[in-house]
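start01.txt follows (compact mmCIF, C-alpha atoms):
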```txt
# COMPACT_ATOMS: atom_id res chain seq x y z
CA MET A 1 8.99 -6.07 -15.07
CA ALA A 2 8.96 -7.78 -18.45
CA ASP A 3 6.00 -10.16 -17.97
CA MET A 4 2.74 -8.36 -18.77
CA ASP A 5 0.84 -11.41 -19.97
CA GLY A 6 -2.81 -11.00 -18.99
CA PHE A 7 -2.56 -7.37 -17.91
CA ASP A 8 -5.16 -5.06 -19.48
CA LEU A 9 -4.19 -1.38 -19.23
CA SER A 10 -7.52 -0.02 -20.52
CA ALA A 11 -9.51 -2.15 -18.06
CA TYR A 12 -7.23 -1.05 -15.21
CA LEU A 13 -7.67 2.65 -16.04
CA GLU A 14 -11.42 2.16 -16.25
CA ARG A 15 -11.44 0.34 -12.90
CA ILE A 16 -9.71 3.25 -11.14
CA GLY A 17 -11.77 5.84 -13.00
CA TRP A 18 -8.83 7.52 -14.75
CA GLN A 19 -9.97 9.55 -17.76
CA GLY A 20 -6.88 11.72 -18.10
CA GLY A 21 -4.02 11.44 -20.55
CA ARG A 22 -1.72 8.47 -21.05
CA ARG A 23 1.45 10.38 -21.84
CA PRO A 24 4.19 9.69 -19.25
CA GLY A 25 4.57 12.85 -17.18
CA LEU A 26 4.20 14.09 -13.61
CA GLY A 27 0.49 14.92 -14.00
CA THR A 28 -0.26 11.43 -15.30
CA LEU A 29 1.74 9.76 -12.51
CA ARG A 30 0.06 11.81 -9.79
CA GLY A 31 -3.40 11.35 -11.24
CA ILE A 32 -3.16 7.59 -11.68
CA HIS A 33 -1.55 7.12 -8.25
CA LEU A 34 -4.36 9.03 -6.53
CA ALA A 35 -7.09 7.33 -8.57
CA HIS A 36 -5.69 3.90 -7.68
CA ALA A 37 -5.39 4.78 -3.98
CA LEU A 38 -9.01 5.97 -3.83
CA SER A 39 -10.47 3.10 -5.87
CA LEU A 40 -8.85 -0.16 -4.79
CA PRO A 41 -9.03 -1.27 -1.14
CA PHE A 42 -6.25 -2.85 0.91
CA GLU A 43 -7.11 -6.35 2.15
CA ASN A 44 -5.55 -9.63 3.24
CA LEU A 45 -8.37 -12.13 2.70
CA ASP A 46 -6.20 -14.53 0.67
CA PRO A 47 -3.54 -14.89 3.41
CA LEU A 48 -6.38 -15.16 5.92
CA SER A 49 -7.69 -18.07 3.82
CA GLY A 50 -4.31 -19.81 4.15
CA ARG A 51 -2.62 -18.94 0.83
CA ALA A 52 -0.31 -16.30 -0.56
CA PRO A 53 -1.99 -14.34 -3.39
CA SER A 54 -0.71 -14.72 -6.94
CA LEU A 55 1.32 -11.82 -8.34
CA ALA A 56 0.96 -12.98 -11.95
CA PRO A 57 -0.35 -10.12 -14.13
CA GLY A 58 -3.36 -12.10 -15.34
CA ASP A 59 -4.34 -13.14 -11.83
CA LEU A 60 -3.98 -9.61 -10.47
CA THR A 61 -6.10 -8.28 -13.32
CA ALA A 62 -8.80 -10.89 -12.73
CA LYS A 63 -8.89 -10.28 -8.98
CA MET A 64 -8.43 -6.51 -8.59
CA VAL A 65 -9.50 -5.09 -11.95
CA HIS A 66 -12.37 -7.35 -13.01
CA GLY A 67 -13.29 -8.68 -9.56
CA ARG A 68 -14.58 -6.91 -6.45
CA ARG A 69 -11.37 -7.44 -4.51
CA GLY A 70 -8.35 -5.50 -3.27
CA GLY A 71 -4.95 -6.72 -2.14
CA TYR A 72 -1.94 -5.95 0.00
CA CYS A 73 1.30 -4.15 -0.88
CA TYR A 74 2.76 -6.68 -3.35
CA GLU A 75 -0.49 -6.86 -5.30
CA HIS A 76 -1.20 -3.13 -5.34
CA ASN A 77 2.29 -2.02 -6.26
CA THR A 78 2.83 -4.80 -8.80
CA LEU A 79 -0.40 -3.73 -10.49
CA LEU A 80 0.70 -0.08 -10.48
CA TRP A 81 4.14 -1.10 -11.81
CA LEU A 82 2.49 -2.92 -14.73
CA ALA A 83 0.33 0.11 -15.53
CA LEU A 84 3.14 2.65 -15.34
CA GLU A 85 5.46 0.55 -17.49
CA ALA A 86 2.69 0.10 -20.06
CA LEU A 87 2.36 3.89 -20.14
CA GLY A 88 6.10 4.34 -20.73
CA PHE A 89 7.45 5.18 -17.27
CA PRO A 90 10.77 3.57 -16.23
CA VAL A 91 9.96 1.81 -12.93
CA GLY A 92 12.05 -0.07 -10.38
CA GLY A 93 11.21 -1.89 -7.16
CA LEU A 94 12.17 -0.92 -3.60
CA ALA A 95 11.70 -2.62 -0.24
CA GLY A 96 11.31 -1.07 3.20
CA ARG A 97 11.13 -1.95 6.87
CA VAL A 98 7.86 -0.81 8.46
CA VAL A 99 8.74 1.43 11.42
CA LEU A 100 5.17 2.47 12.30
CA GLY A 101 4.68 1.07 15.80
CA ALA A 102 8.18 -0.45 15.91
CA PRO A 103 10.82 0.44 18.53
CA THR A 104 13.64 0.92 15.99
CA PRO A 105 14.02 1.03 12.17
CA TRP A 106 15.65 -2.44 12.33
CA SER A 107 13.02 -4.24 14.43
CA ARG A 108 11.30 -5.70 11.36
CA PRO A 109 12.51 -7.25 8.09
CA ARG A 110 12.39 -5.45 4.74
CA THR A 111 9.07 -6.78 3.49
CA HIS A 112 7.15 -3.71 2.32
CA MET A 113 7.14 -3.07 -1.43
CA MET A 114 7.35 0.40 -3.01
CA LEU A 115 8.27 1.79 -6.44
CA ARG A 116 10.94 4.13 -7.79
CA VAL A 117 9.55 5.93 -10.84
CA GLU A 118 11.50 7.98 -13.37
CA VAL A 119 9.41 10.86 -14.75
CA PRO A 120 10.26 12.42 -18.12
CA GLY A 121 11.21 16.07 -17.63
CA GLU A 122 11.85 15.71 -13.89
CA ALA A 123 15.38 15.81 -12.45
CA GLU A 124 14.65 13.45 -9.55
CA PRO A 125 12.85 10.09 -9.43
CA TYR A 126 9.62 9.72 -7.43
CA LEU A 127 8.55 7.37 -4.64
CA ALA A 128 5.22 5.74 -5.52
CA ASP A 129 3.35 3.47 -3.12
CA VAL A 130 -0.34 2.56 -3.29
CA GLY A 131 -0.03 -0.47 -1.00
CA PHE A 132 0.79 0.79 2.50
CA GLY A 133 -2.22 -0.13 4.60
CA ALA A 134 -2.41 2.82 6.99
CA SER A 135 -4.23 6.12 7.31
CA GLY A 136 -0.95 7.97 6.71
CA SER A 137 -0.12 6.26 3.43
CA LEU A 138 0.88 8.16 0.30
CA LEU A 139 -2.03 9.26 -1.84
CA THR A 140 0.23 10.95 -4.38
CA PRO A 141 3.89 10.16 -5.18
CA ILE A 142 6.67 12.32 -3.72
CA PRO A 143 10.17 13.20 -4.96
CA LEU A 144 12.87 10.81 -3.77
CA THR A 145 14.81 13.59 -2.07
CA THR A 146 15.38 14.52 1.57
CA GLY A 147 14.90 17.93 3.12
CA THR A 148 11.59 18.88 1.51
CA GLU A 149 7.96 18.39 2.48
CA SER A 150 5.32 17.25 -0.01
CA GLU A 151 1.57 17.69 0.25
CA GLY A 152 -0.88 15.66 -1.77
CA ALA A 153 -4.62 15.09 -1.38
CA GLY A 154 -4.58 16.61 2.11
CA ARG A 155 -1.64 14.63 3.51
CA ARG A 156 1.87 15.91 4.26
CA HIS A 157 4.91 13.67 3.87
CA ARG A 158 8.65 14.03 3.97
CA LEU A 159 11.76 11.86 3.58
CA ILE A 160 14.51 12.16 6.17
CA ALA A 161 17.96 10.57 6.31
CA ARG A 162 18.33 8.16 9.22
CA PRO A 163 21.60 7.97 11.23
CA SER A 164 23.68 4.79 10.88
CA GLU A 165 22.60 2.99 14.04
CA GLY A 166 22.11 -0.74 14.48
CA PRO A 167 22.88 -3.18 11.64
CA LEU A 168 24.51 -1.48 8.66
CA GLU A 169 22.48 -1.15 5.48
CA GLY A 170 25.69 -0.90 3.43
CA PRO A 171 26.95 2.19 1.60
CA LEU A 172 23.45 3.36 0.65
CA GLU A 173 21.75 6.13 2.62
CA LEU A 174 18.91 4.99 4.87
CA LEU A 175 15.74 7.02 4.29
CA GLU A 176 12.54 7.17 6.33
CA LEU A 177 9.12 8.18 5.03
CA GLN A 178 7.19 10.23 7.58
CA VAL A 179 3.65 11.60 7.63
CA TYR A 180 2.48 14.64 9.58
CA ASP A 181 -0.10 13.62 12.21
CA ARG A 182 -2.49 16.51 12.71
CA GLN A 183 -3.92 15.02 15.90
CA GLU A 184 -0.50 14.58 17.53
CA GLN A 185 0.96 17.70 15.86
CA GLY A 186 4.12 15.89 14.85
CA TRP A 187 5.85 13.66 12.31
CA VAL A 188 5.33 9.88 12.45
CA GLY A 189 7.60 7.35 10.70
CA GLN A 190 6.01 4.95 8.21
CA TYR A 191 8.88 2.88 6.81
CA ALA A 192 12.65 3.02 6.29
CA PHE A 193 14.49 1.97 3.13
CA THR A 194 17.50 2.44 0.88
CA LEU A 195 17.53 2.83 -2.89
CA GLU A 196 18.80 -0.73 -3.39
CA PRO A 197 16.80 -2.15 -6.33
CA PHE A 198 14.55 -5.21 -5.93
CA ALA A 199 13.10 -7.38 -8.70
CA ALA A 200 9.92 -9.44 -9.17
CA PRO A 201 11.48 -12.71 -7.81
CA ASP A 202 12.34 -10.90 -4.54
CA TYR A 203 8.70 -9.94 -4.04
CA GLU A 204 7.60 -13.52 -4.78
CA VAL A 205 9.68 -14.64 -1.77
CA PHE A 206 8.45 -11.77 0.42
CA ASN A 207 4.86 -12.47 -0.64
CA TRP A 208 5.09 -16.17 0.18
CA HIS A 209 6.61 -15.47 3.59
CA VAL A 210 4.15 -12.72 4.59
CA GLY A 211 1.17 -14.57 3.09
CA THR A 212 1.78 -17.98 4.69
CA ASN A 213 3.87 -17.56 7.85
CA PRO A 214 1.63 -18.33 10.87
CA ARG A 215 3.39 -15.52 12.77
CA SER A 216 2.51 -12.95 10.11
CA PRO A 217 -0.26 -10.55 11.21
CA PHE A 218 -1.82 -10.96 7.76
CA THR A 219 -2.49 -14.68 8.28
CA ARG A 220 -4.10 -14.25 11.69
CA ARG A 221 -6.84 -11.65 11.43
CA PRO A 222 -8.64 -9.53 8.81
CA TYR A 223 -6.83 -6.29 8.04
CA LEU A 224 -8.61 -4.01 5.58
CA GLN A 225 -8.23 -0.35 4.64
CA ARG A 226 -10.20 1.90 2.32
CA THR A 227 -9.52 5.56 1.58
CA THR A 228 -12.00 7.93 -0.04
CA ALA A 229 -11.99 11.71 -0.41
CA GLU A 230 -14.18 11.93 2.72
CA ARG A 231 -12.72 9.33 5.10
CA HIS A 232 -10.34 6.49 5.83
CA LEU A 233 -11.87 3.22 7.01
CA ALA A 234 -9.89 0.42 8.70
CA LEU A 235 -10.92 -3.02 9.95
CA ASP A 236 -8.30 -4.65 12.18
CA GLY A 237 -9.64 -7.92 13.55
CA ASP A 238 -13.00 -6.95 15.05
CA ARG A 239 -12.15 -3.24 15.44
CA LEU A 240 -13.60 -0.84 12.86
CA THR A 241 -12.01 2.63 12.83
CA GLU A 242 -13.15 5.61 10.78
CA THR A 243 -10.96 8.68 10.34
CA GLY A 244 -12.71 11.71 8.88
CA ALA A 245 -11.17 14.22 6.49
CA GLY A 246 -10.66 16.61 9.43
CA GLY A 247 -8.83 13.98 11.49
CA THR A 248 -11.73 12.98 13.78
CA VAL A 249 -11.55 9.29 14.75
CA THR A 250 -14.46 7.02 15.71
CA GLU A 251 -14.13 3.37 16.62
CA ARG A 252 -16.42 0.43 17.33
CA ARG A 253 -16.17 -3.32 17.73
CA ILE A 254 -17.92 -5.81 15.47
CA THR A 255 -18.92 -8.99 17.28
CA ASP A 256 -21.26 -10.60 14.79
CA GLU A 257 -20.02 -12.52 11.71
CA THR A 258 -23.01 -11.44 9.61
CA GLU A 259 -22.34 -7.79 10.45
CA ALA A 260 -18.63 -8.24 9.68
CA ARG A 261 -19.39 -9.62 6.22
CA ARG A 262 -21.87 -6.81 5.56
CA VAL A 263 -19.29 -4.16 6.52
CA VAL A 264 -16.59 -5.73 4.35
CA GLU A 265 -18.88 -6.06 1.33
CA GLU A 266 -20.76 -2.76 1.62
CA GLU A 267 -18.25 -0.39 3.24
CA PHE A 268 -15.05 -1.76 1.71
CA GLY A 269 -16.55 -2.97 -1.57
CA ILE A 270 -14.98 -6.42 -1.25
CA VAL A 271 -16.61 -9.77 -1.98
CA VAL A 272 -15.71 -12.13 0.88
CA PRO A 273 -14.48 -15.51 -0.45
CA GLU A 274 -16.95 -18.32 0.15
CA GLY A 275 -16.23 -20.31 3.27
CA LEU A 276 -13.97 -17.67 4.86
CA ARG A 277 -14.85 -16.74 8.43
CA LEU A 278 -13.82 -13.15 9.26
CA LEU A 279 -14.16 -13.25 13.06
CA ALA A 280 -12.36 -15.87 15.12
```

For the file at hand, write its structure as C-alpha cells.
Amino acid sequence: MADMDGFDLSAYLERIGWQGGRRPGLGTLRGIHLAHALSLPFENLDPLSGRAPSLAPGDLTAKMVHGRRGGYCYEHNTLLWLALEALGFPVGGLAGRVVLGAPTPWSRPRTHMMLRVEVPGEAEPYLADVGFGASGSLLTPIPLTTGTESEGAGRRHRLIARPSEGPLEGPLELLELQVYDRQEQGWVGQYAFTLEPFAAPDYEVFNWHVGTNPRSPFTRRPYLQRTTAERHLALDGDRLTETGAGGTVTERRITDETEARRVVEEEFGIVVPEGLRLLA
C-alpha cells in the first residue's frame, strides 16, 4: 500500500492508546492489534446514510483517528495496514467469504478484508484482522498455519483446511478461521479464504458494492460492535446484545430513536451523523 498521504502514525498510536515500542516484531504487532480492537468500534453508519466510506488514508485518519467514529472491515484493516507498513512490517491483503451463519463456505462472495503480515524473526506470516464485526473476532493476530490453536485476550482461534467441495478456489488451499464458543462448547467458523493476494483497488470495488448495494445488510440497518476488556456490545437493527467476559449474554430491544442515539453515542462512543435516522 504505497499511498500514505494524510496518514498520521503518531496520532493513530495515540488514538488507540499504544505506548509500547515501534520496532517491528511480534510483541509490537500483537500489542497494536489488541489496542486497535479495543479502541475503535465497528460501525456502518456511512453505508446506512447511502454512501460507501472513503478508504483514502487522509479520510480514514480524519474519521477514525481524529473523529469519534469507527468503520467496517475495509476501513479498519486499511488503517491497520497503513500503521503496520509505517512501522516497517511487510503487509499484504487477503479476502474471505464469511461463513458465520452461512450454509456452506461458498454461499457468500469474498468480500471480507484481512491482512497477511510478515514478522521479522518469525518463520511464518500472521493473520491480522481488526475489522470482523462479531463477538468471536480476532483480538490478537494468529500464525497463518493449520493444526494449532491460538489464544489471545481470552479468545481461542484456529485455522483448519477445508475440503475441496463446491466451486474450486484454484490450486491454493482453502482455510477457515474458527473460534471456540464457550457457551456451545464447540468450534464455530468465521470466514474461509485462500492466501491469494489482494490489492487496494480490489477493496475499493468490494467497498463500493458492500457500501451501496441495496441488498447489502450494511445499507439496510445499523450494525455496530464494540469490544472492551469487560464485554462485547452489539447493536443489530433495534436489538442490543451484551456479552460479558464470562460468556453471559443479555439482550434487549430499543424502540425509541432518542434512546438509540444515546446508546450509540454513549455506549459505542460514536457521533451519529446529522440527519441519519437509526431506527426504521

Residues near Met113 (chain A), cut-off 12 Å, all atoms listed in the file, skip fewer than 6 positions along chain, as number ranges by chain
A: 72-81, 92-98, 127-133, 191-194, 197-200, 202-207, 210

When you count only C-alpha atoms, which of these residues is closest to Arg277 (chain A): A:Ser216, A:Ser10, A:Thr28, A:Ser49?
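Going through A:Ser216, A:Ser10, A:Thr28, A:Ser49 one by one, the smallest distance to Arg277 (chain A) is for A:Ser49.
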
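Proximity ranking of A:Gly31, A:Tyr180, A:Glu196, A:Leu40 relative to Arg110 (chain A) places A:Glu196 first, based on all atoms listed in the file.
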
Box along x, y and z, 5 Å on every side, all listed atoms of region 55-73 of chain A inside: centre and edge lengths in Å to one decimal, as JSON.
```
{"center_x": -6.6, "center_y": -8.6, "center_z": -7.7, "size_x": 25.9, "size_y": 19.0, "size_z": 25.3}
```

Counting all atoms listed in the file, which residues come within 9 Å of (0.3, 8.5, 1.1), with the point read in the file's coordinates, and could you list them as a list in words?
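In the file's frame, the residues around the point are Leu34, Ala37, Ala128, Asp129, Val130, Phe132, Ala134, Ser135, Gly136, Ser137, Leu138, Leu139, Thr140, Pro141, Ile142, Gly152, Ala153, Arg155, Arg156, His157 and Val179 of chain A.
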